[in-house]
Amino acid sequence: MKVAIIGAGVSGLAAIKCCLDEGLEPTCFERSDDIGGLWRFTNNIEDGRASIYQSVVSNTSKELMCYSDFPYPEDFPNFLHNSKLLEYQRKYAEHFNLLKYVEFKTLVISVKKCNDFESSGQWYVTTEKDGKQETTIFDAVMVCSGHHTDPFYPLESFPGIKQFRGQYFHSREYKNSDEYKGKRVVIVGMGNSAADLAAELSHTASKVFLSTRRGAWVMSRVYDQGYPWDVCYDTRFETFKRNSLPMSIVARLTETKMNTWFSHVNYGLLPVDRTQFKEPLLNDELPSRILCGFVVVKPSVLDFTETAAKFDDGSVEDNIDVVIFATGYNFSFPFLDESVIKMEKNNIHLYKHIIPPALEKPTLGMLGLIQPIGPIMPTSELQGRWLTRVFKGLCPYPPLKTVMADLAKKNKIFTKRFGTIRENRLQVDFVEYLDELASDIGVKPNIFPLFFYDPVLAYALLFGPCTPMHYRLVGPGKWSPARKIILTTLDRVLKPTKTRVVKIDEPSFLSITKVLGALCVLAVFVAVAMCRV
């Protein structure tokens, strides 16, 4: 079975590996001359390719954002500079010998259904390399081109920008702060890129104005007891709590937790709508730069003049030199026509966030077109494991009626949790989504029985971080080192930080407390099981 893979970033590399694991024949087309996708920094900006700034560091930690059978080296820091992430991808590609399946400097022009698609499910894939086009028939297609290539640039909302004498551009074009020394900068937007640029530019610019319409919860990467935030947040127990309690209570708990670092009201950052969840903004420096006066938080920009920015509270900031629009991205797949995938106001509906529902045969899927509240790397990998088994018929694909009913049900849940704003359209709950895919594949660990014959592992699966290795314990793709890696997760988290040994007298009751905690959890499980009987 021949599979075309479009893009050789984190999702594309995972797709190649998943195909090989299932005995499929992958061919990966990459328009640039190297792997890495979003995480490969270059000084130049290429059309159709993601672009990052030089200082980008991951927002998710290494123990959760690795591939499930290839952990990071223990000495890697918990949050990784883009160069370290690219280094890891190179190690992964080399270890599993993936590069021989990649055709570099090859642009995919079109992906069209074959004439007999309803029976064969095959695709015509037309590519261009060195000015020559070639069309090949493939049995299936995996689209891994990402969603950070087509900038959303709403200049029509600011007619005065045409008269603005300064420099203005989308954040995709920003590389570093060198050329902005002494300048007054306005940043429009309040996502992770906007916050990163505001904090970074505040060290060189004379003043940075950060304009936000809705506000945001700002978190530090350093969470409880100094652990990475996602190590504490993305656990099955915490996910169960968030998804079981009424939204009003979840919103109140979230607000209380977010304000333990600093009061968002006092910093002008409190989200306008706190009843629905938005991906938290990770920035360790922003509150300090605001406190020191180097960054000034402003409301929405109304318009621009030749030299000034007008805000909707009536204030005006004059002598503005630079405006940066950190306004996100559109979804764009120019090689697919509307008969395959239809975009409606930058909205997209996919079964399991992977397969266009109207396809007569489920032989095309999108990997990584999703925004989990957690890392993308293991998410797209598990998507690839699920999709390749659908291709082979090992994961039964339901009829259209069932697919549409599932989409309608998920849309209701999504709207309740995340609302309908543009920025949230790809959001999913990390643990819940992975468990759903894993159940279909047969790789989701069954925690309840483990409390009887492996309580230590059960405790780690329930209360510890949901690392990708959770999905290598059982079923297809089972990997024997997975248990040991899961049980030593916190050791590897601390390995790059505990570089100076400090001896303390640990309370003797600590281990007893852990055992008692596990027994209490087991008692709850037994009680629930008895009630159901």
# chains A, B, ... in the order shown; residues from 1 in each chain; ligands from 1
$ select_by_dssp --residues "stretch 271-424 of chain A" --states "alpha helix (DSSP H)" --output "PyMOL selection string"
chain A and resi 286-291+377-391+400-418
$ closest_atom_pairs --of "stretch 209-275 of chain A" --to "stretch 367-383 of chain A" --cutoff "9 Å" --atoms "only C-alpha atoms" --output "tab-separated table"
residue	atom	partner	partner_atom	distance
A:Asp230	CA	A:Gly374	CA	6.8
A:Tyr233	CA	A:Gly374	CA	8.9
A:Asp234	CA	A:Gly374	CA	7.0
$ write_last_selection --atoms "N, CA and C atoms" --output "mmCIF file, in the first residue's frame"
data_model
loop_
_atom_site.group_PDB
_atom_site.id
_atom_site.type_symbol
_atom_site.label_atom_id
_atom_site.label_comp_id
_atom_site.auth_asym_id
_atom_site.auth_seq_id
_atom_site.Cartn_x
_atom_site.Cartn_y
_atom_site.Cartn_z
ATOM 1 N N ASP A 230 3.063 21.318 32.440
ATOM 2 C CA ASP A 230 2.279 20.222 31.875
ATOM 3 C C ASP A 230 2.478 18.904 32.612
ATOM 4 N N TYR A 233 -0.264 19.421 35.050
ATOM 5 C CA TYR A 233 -1.580 19.718 34.487
ATOM 6 C C TYR A 233 -2.141 18.567 33.653
ATOM 7 N N ASP A 234 -1.310 17.966 32.818
ATOM 8 C CA ASP A 234 -1.774 16.931 31.892
ATOM 9 C C ASP A 234 -1.651 15.546 32.514
#
$ residues_around --residues "stretch 150-166 of chain A" --least-positions-apart "4" --cutoff "9 Å" --atoms "only C-alpha atoms" --output "PyMOL selection string"
chain A and resi 47-50+170-172+301-308+320-323+325-332
$ write_last_selection --atoms "N, CA and C atoms" --output "tab-separated table (two decimals), in the first residue's frame"
chain	number	residue	atom	x	y	z
A	47	ASP	N	7.77	31.23	1.15
A	47	ASP	CA	6.34	31.08	0.91
A	47	ASP	C	5.92	29.63	1.17
A	48	GLY	N	4.78	29.48	1.87
A	48	GLY	CA	4.25	28.15	2.10
A	48	GLY	C	4.96	27.37	3.18
A	49	ARG	N	5.89	28.01	3.89
A	49	ARG	CA	6.62	27.30	4.94
A	49	ARG	C	6.50	28.09	6.24
A	50	ALA	N	6.37	27.36	7.35
A	50	ALA	CA	6.29	28.02	8.65
A	50	ALA	C	7.57	28.78	8.94
A	170	HIS	N	3.36	41.13	9.76
A	170	HIS	CA	2.84	40.01	10.57
A	170	HIS	C	3.98	39.42	11.39
A	171	SER	N	3.65	38.88	12.55
A	171	SER	CA	4.69	38.32	13.44
A	171	SER	C	5.48	37.20	12.77
A	172	ARG	N	4.94	36.59	11.73
A	172	ARG	CA	5.66	35.55	10.99
A	172	ARG	C	6.97	36.07	10.43
A	301	VAL	N	-6.93	47.98	19.45
A	301	VAL	CA	-6.61	49.10	18.56
A	301	VAL	C	-7.84	49.40	17.71
A	302	LEU	N	-8.22	50.67	17.67
A	302	LEU	CA	-9.31	51.09	16.79
A	302	LEU	C	-8.81	51.38	15.39
A	303	ASP	N	-7.69	52.11	15.31
A	303	ASP	CA	-7.15	52.46	14.00
A	303	ASP	C	-5.77	53.10	14.18
A	304	PHE	N	-5.17	53.42	13.05
A	304	PHE	CA	-3.85	54.06	13.05
A	304	PHE	C	-3.91	55.36	12.27
A	305	THR	N	-3.02	56.28	12.65
A	305	THR	CA	-2.80	57.50	11.86
A	305	THR	C	-1.40	57.40	11.27
A	306	GLU	N	-0.90	58.50	10.77
A	306	GLU	CA	0.43	58.48	10.17
A	306	GLU	C	1.51	58.09	11.20
A	307	THR	N	1.29	58.46	12.46
A	307	THR	CA	2.35	58.23	13.46
A	307	THR	C	1.83	57.62	14.75
A	308	ALA	N	0.52	57.39	14.86
A	308	ALA	CA	-0.05	57.01	16.16
A	308	ALA	C	-0.97	55.81	16.05
A	320	ILE	N	4.74	56.20	17.08
A	320	ILE	CA	4.91	54.76	16.92
A	320	ILE	C	5.77	54.49	15.69
A	321	ASP	N	6.77	53.63	15.88
A	321	ASP	CA	7.69	53.30	14.78
A	321	ASP	C	7.33	52.00	14.08
A	322	VAL	N	6.83	51.02	14.86
A	322	VAL	CA	6.61	49.67	14.33
A	322	VAL	C	5.28	49.12	14.85
A	323	VAL	N	4.53	48.45	13.97
A	323	VAL	CA	3.33	47.71	14.36
A	323	VAL	C	3.50	46.26	13.93
A	325	PHE	N	1.56	42.62	13.80
A	325	PHE	CA	0.27	41.93	13.91
A	325	PHE	C	0.53	40.46	14.26
A	326	ALA	N	0.38	40.13	15.54
A	326	ALA	CA	0.49	38.74	16.00
A	326	ALA	C	-0.91	38.16	16.06
A	327	THR	N	-1.53	38.02	14.90
A	327	THR	CA	-2.95	37.73	14.79
A	327	THR	C	-3.25	36.32	14.31
A	328	GLY	N	-2.28	35.44	14.38
A	328	GLY	CA	-2.54	34.04	14.08
A	328	GLY	C	-2.49	33.69	12.60
A	329	TYR	N	-3.11	32.55	12.28
A	329	TYR	CA	-2.98	31.98	10.94
A	329	TYR	C	-4.32	31.47	10.42
A	330	ASN	N	-4.42	31.43	9.09
A	330	ASN	CA	-5.52	30.75	8.42
A	330	ASN	C	-5.12	29.30	8.15
A	331	PHE	N	-6.12	28.45	7.95
A	331	PHE	CA	-5.83	27.09	7.50
A	331	PHE	C	-5.81	27.11	5.98
A	332	SER	N	-4.78	26.55	5.39
A	332	SER	CA	-4.65	26.64	3.94
A	332	SER	C	-4.08	25.35	3.36
$ residues_around --residues "A:Leu462" --least-positions-apart "2" --cutoff "12 Å" --atoms "only C-alpha atoms" --output "PyMOL selection string"
chain A and resi 232+234-241+431+445-448+450-451+455-460+464-467+470+486-487+517-518+521-522+525
$ closest_residue --among "A:Val295, A:Phe76, A:Ser248, A:Val218" --to "A:Val265" --atoms "only C-alpha atoms"
A:Val218
$ residues_around --residues "stretch 197-206 of chain A" --least-positions-apart "4" --cutoff "9 Å" --atoms "only C-alpha atoms" --output "short mmCIF file (atom, residue, chain, number, x, y, z; two decimals) with N, CA and C atoms, in the first residue's frame"
data_model
loop_
_atom_site.label_atom_id
_atom_site.label_comp_id
_atom_site.auth_asym_id
_atom_site.auth_seq_id
_atom_site.Cartn_x
_atom_site.Cartn_y
_atom_site.Cartn_z
N TYR A 53 10.77 32.84 15.08
CA TYR A 53 11.81 33.78 15.48
C TYR A 53 12.94 33.03 16.19
N SER A 55 14.52 33.12 18.95
CA SER A 55 14.55 32.77 20.37
C SER A 55 13.49 31.78 20.80
N SER A 171 3.65 38.88 12.55
CA SER A 171 4.69 38.32 13.44
C SER A 171 5.48 37.20 12.77
N TYR A 174 8.94 38.32 11.88
CA TYR A 174 9.88 38.74 12.93
C TYR A 174 10.93 37.64 13.15
N ASN A 176 14.39 38.60 15.13
CA ASN A 176 15.04 38.93 16.40
C ASN A 176 14.88 40.44 16.65
N SER A 177 15.35 40.89 17.81
CA SER A 177 15.08 42.27 18.24
C SER A 177 16.16 43.27 17.83
N ASP A 178 17.16 42.84 17.08
CA ASP A 178 18.34 43.68 16.81
C ASP A 178 18.00 45.03 16.19
N GLU A 179 17.06 45.05 15.24
CA GLU A 179 16.82 46.28 14.48
C GLU A 179 15.77 47.20 15.12
N TYR A 180 15.34 46.89 16.33
CA TYR A 180 14.27 47.69 16.95
C TYR A 180 14.74 48.48 18.16
N LYS A 181 16.02 48.66 18.28
CA LYS A 181 16.57 49.39 19.42
C LYS A 181 16.07 50.83 19.44
N GLY A 182 15.54 51.23 20.59
CA GLY A 182 15.08 52.60 20.79
C GLY A 182 13.75 52.93 20.13
N LYS A 183 13.07 51.96 19.55
CA LYS A 183 11.82 52.23 18.83
C LYS A 183 10.60 51.98 19.73
N ARG A 184 9.50 52.62 19.34
CA ARG A 184 8.23 52.43 20.03
C ARG A 184 7.39 51.47 19.19
N VAL A 185 7.00 50.36 19.82
CA VAL A 185 6.40 49.24 19.09
C VAL A 185 5.00 48.94 19.63
N VAL A 186 4.06 48.74 18.74
CA VAL A 186 2.72 48.26 19.08
C VAL A 186 2.59 46.83 18.58
N ILE A 187 2.16 45.92 19.46
CA ILE A 187 1.91 44.52 19.08
C ILE A 187 0.42 44.27 19.21
N ASN A 192 0.68 33.39 22.30
CA ASN A 192 2.03 33.13 22.78
C ASN A 192 3.09 33.91 22.00
N SER A 193 2.88 34.06 20.69
CA SER A 193 3.85 34.82 19.90
C SER A 193 3.86 36.28 20.30
N LEU A 210 1.30 46.39 24.19
CA LEU A 210 0.70 45.09 23.87
C LEU A 210 -0.83 45.25 23.89
N ASN A 283 4.40 32.37 29.50
CA ASN A 283 5.46 33.36 29.42
C ASN A 283 5.96 33.69 30.82
N GLU A 285 8.31 35.81 31.64
CA GLU A 285 8.89 37.14 31.79
C GLU A 285 7.89 38.28 31.69
N LEU A 286 6.76 38.05 31.02
CA LEU A 286 5.85 39.15 30.72
C LEU A 286 5.39 39.94 31.95
N PRO A 287 4.95 39.29 33.04
CA PRO A 287 4.50 40.10 34.20
C PRO A 287 5.60 41.01 34.74
N SER A 288 6.84 40.52 34.75
CA SER A 288 7.95 41.33 35.23
C SER A 288 8.19 42.54 34.34
N ARG A 289 8.09 42.36 33.02
CA ARG A 289 8.33 43.48 32.10
C ARG A 289 7.21 44.52 32.21
N ILE A 290 5.98 44.04 32.50
CA ILE A 290 4.87 44.98 32.73
C ILE A 290 5.11 45.73 34.04
N PHE A 294 8.31 48.36 31.06
CA PHE A 294 8.84 48.23 29.70
C PHE A 294 7.78 47.77 28.70
N VAL A 295 6.76 47.05 29.21
CA VAL A 295 5.61 46.66 28.40
C VAL A 295 4.37 47.29 29.01
N ALA A 326 0.38 40.13 15.54
CA ALA A 326 0.49 38.74 16.00
C ALA A 326 -0.91 38.16 16.06
#
$ closest_residue --among "A:Leu407, A:Cys18, A:Leu269, A:Leu281" --to "A:Pro299" --atoms "only C-alpha atoms"
A:Leu269
$ decode --residues "stretch 191-300 of chain A" --atoms "C-alpha atoms" --output "tab-separated table (two decimals), in the first residue's frame"
chain	number	residue	atom	x	y	z
A	191	GLY	CA	-1.25	34.76	21.88
A	192	ASN	CA	2.03	33.13	22.78
A	193	SER	CA	3.85	34.82	19.90
A	194	ALA	CA	2.57	38.26	20.89
A	195	ALA	CA	3.68	37.78	24.50
A	196	ASP	CA	7.08	36.41	23.47
A	197	LEU	CA	7.73	39.33	21.13
A	198	ALA	CA	6.58	41.88	23.71
A	199	ALA	CA	8.90	40.50	26.39
A	200	GLU	CA	11.85	40.16	24.00
A	201	LEU	CA	11.47	43.56	22.34
A	202	SER	CA	11.10	45.28	25.72
A	203	HIS	CA	14.84	44.75	26.26
A	204	THR	CA	15.79	46.81	23.19
A	205	ALA	CA	12.80	48.96	22.21
A	206	SER	CA	12.13	52.18	24.12
A	207	LYS	CA	8.53	51.10	24.79
A	208	VAL	CA	6.29	48.18	23.83
A	209	PHE	CA	2.49	48.46	23.77
A	210	LEU	CA	0.70	45.09	23.87
A	211	SER	CA	-2.87	45.43	22.56
A	212	THR	CA	-5.37	42.76	23.60
A	213	ARG	CA	-9.07	42.53	22.91
A	214	ARG	CA	-9.99	39.62	25.18
A	215	GLY	CA	-7.11	39.27	27.64
A	216	ALA	CA	-5.53	35.93	28.56
A	217	TRP	CA	-4.46	33.76	31.45
A	218	VAL	CA	-0.68	33.98	31.68
A	219	MET	CA	1.15	31.00	33.16
A	220	SER	CA	4.76	30.32	34.00
A	221	ARG	CA	6.48	27.24	32.66
A	222	VAL	CA	7.52	26.71	36.27
A	223	TYR	CA	4.54	25.21	38.07
A	224	ASP	CA	3.88	23.54	41.43
A	225	GLN	CA	7.09	22.74	43.36
A	226	GLY	CA	9.07	23.92	40.35
A	227	TYR	CA	7.93	21.15	37.99
A	228	PRO	CA	7.07	21.96	34.37
A	229	TRP	CA	3.44	23.08	34.09
A	230	ASP	CA	2.28	20.22	31.88
A	231	VAL	CA	3.81	17.58	34.17
A	232	CYS	CA	1.30	18.73	36.79
A	233	TYR	CA	-1.58	19.72	34.49
A	234	ASP	CA	-1.77	16.93	31.89
A	235	THR	CA	-2.57	13.99	34.16
A	236	ARG	CA	-5.55	11.66	33.98
A	237	PHE	CA	-6.68	12.62	37.46
A	238	GLU	CA	-6.58	16.37	36.75
A	239	THR	CA	-8.27	15.83	33.39
A	240	PHE	CA	-11.04	13.81	35.05
A	241	LYS	CA	-11.62	16.61	37.56
A	242	ARG	CA	-11.78	19.32	34.88
A	243	ASN	CA	-14.13	17.37	32.63
A	244	SER	CA	-16.44	16.08	35.39
A	245	LEU	CA	-17.09	19.23	37.39
A	246	PRO	CA	-19.59	21.87	36.22
A	247	MET	CA	-18.00	24.50	33.98
A	248	SER	CA	-18.77	27.24	36.50
A	249	ILE	CA	-16.71	25.46	39.14
A	250	VAL	CA	-13.90	24.68	36.68
A	251	ALA	CA	-13.80	28.35	35.67
A	252	ARG	CA	-13.61	29.45	39.29
A	253	LEU	CA	-10.84	26.95	40.11
A	254	THR	CA	-8.94	28.00	37.00
A	255	GLU	CA	-9.25	31.66	37.91
A	256	THR	CA	-8.04	31.04	41.46
A	257	LYS	CA	-5.05	29.01	40.23
A	258	MET	CA	-4.06	31.49	37.53
A	259	ASN	CA	-4.16	34.39	39.97
A	260	THR	CA	-1.83	32.74	42.48
A	261	TRP	CA	1.18	34.01	40.50
A	262	PHE	CA	-0.16	37.54	40.00
A	263	SER	CA	-3.54	39.28	39.81
A	264	HIS	CA	-4.56	39.46	36.17
A	265	VAL	CA	-6.95	42.31	36.97
A	266	ASN	CA	-4.09	44.47	38.25
A	267	TYR	CA	-2.08	43.84	35.08
A	268	GLY	CA	-4.92	44.47	32.62
A	269	LEU	CA	-4.82	40.87	31.41
A	270	LEU	CA	-7.97	39.32	32.91
A	271	PRO	CA	-9.84	37.42	30.14
A	272	VAL	CA	-13.12	39.02	29.13
A	273	ASP	CA	-14.99	35.69	29.04
A	274	ARG	CA	-13.84	33.41	31.84
A	275	THR	CA	-16.63	30.84	31.44
A	276	GLN	CA	-14.90	29.16	28.51
A	277	PHE	CA	-11.39	27.84	28.38
A	278	LYS	CA	-8.69	29.23	26.15
A	279	GLU	CA	-5.23	27.81	25.72
A	280	PRO	CA	-3.12	29.41	28.47
A	281	LEU	CA	-0.39	31.80	27.49
A	282	LEU	CA	3.03	30.57	28.65
A	283	ASN	CA	5.46	33.36	29.42
A	284	ASP	CA	7.78	33.56	32.42
A	285	GLU	CA	8.89	37.14	31.79
A	286	LEU	CA	5.85	39.15	30.72
A	287	PRO	CA	4.50	40.10	34.20
A	288	SER	CA	7.95	41.33	35.23
A	289	ARG	CA	8.33	43.48	32.10
A	290	ILE	CA	4.87	44.98	32.73
A	291	LEU	CA	5.75	45.59	36.38
A	292	CYS	CA	8.94	47.38	35.35
A	293	GLY	CA	7.09	49.53	32.80
A	294	PHE	CA	8.84	48.23	29.70
A	295	VAL	CA	5.61	46.66	28.40
A	296	VAL	CA	2.30	48.53	28.60
A	297	VAL	CA	-0.93	46.53	28.18
A	298	LYS	CA	-3.52	48.35	26.07
A	299	PRO	CA	-7.08	47.52	24.91
A	300	SER	CA	-8.06	46.88	21.27
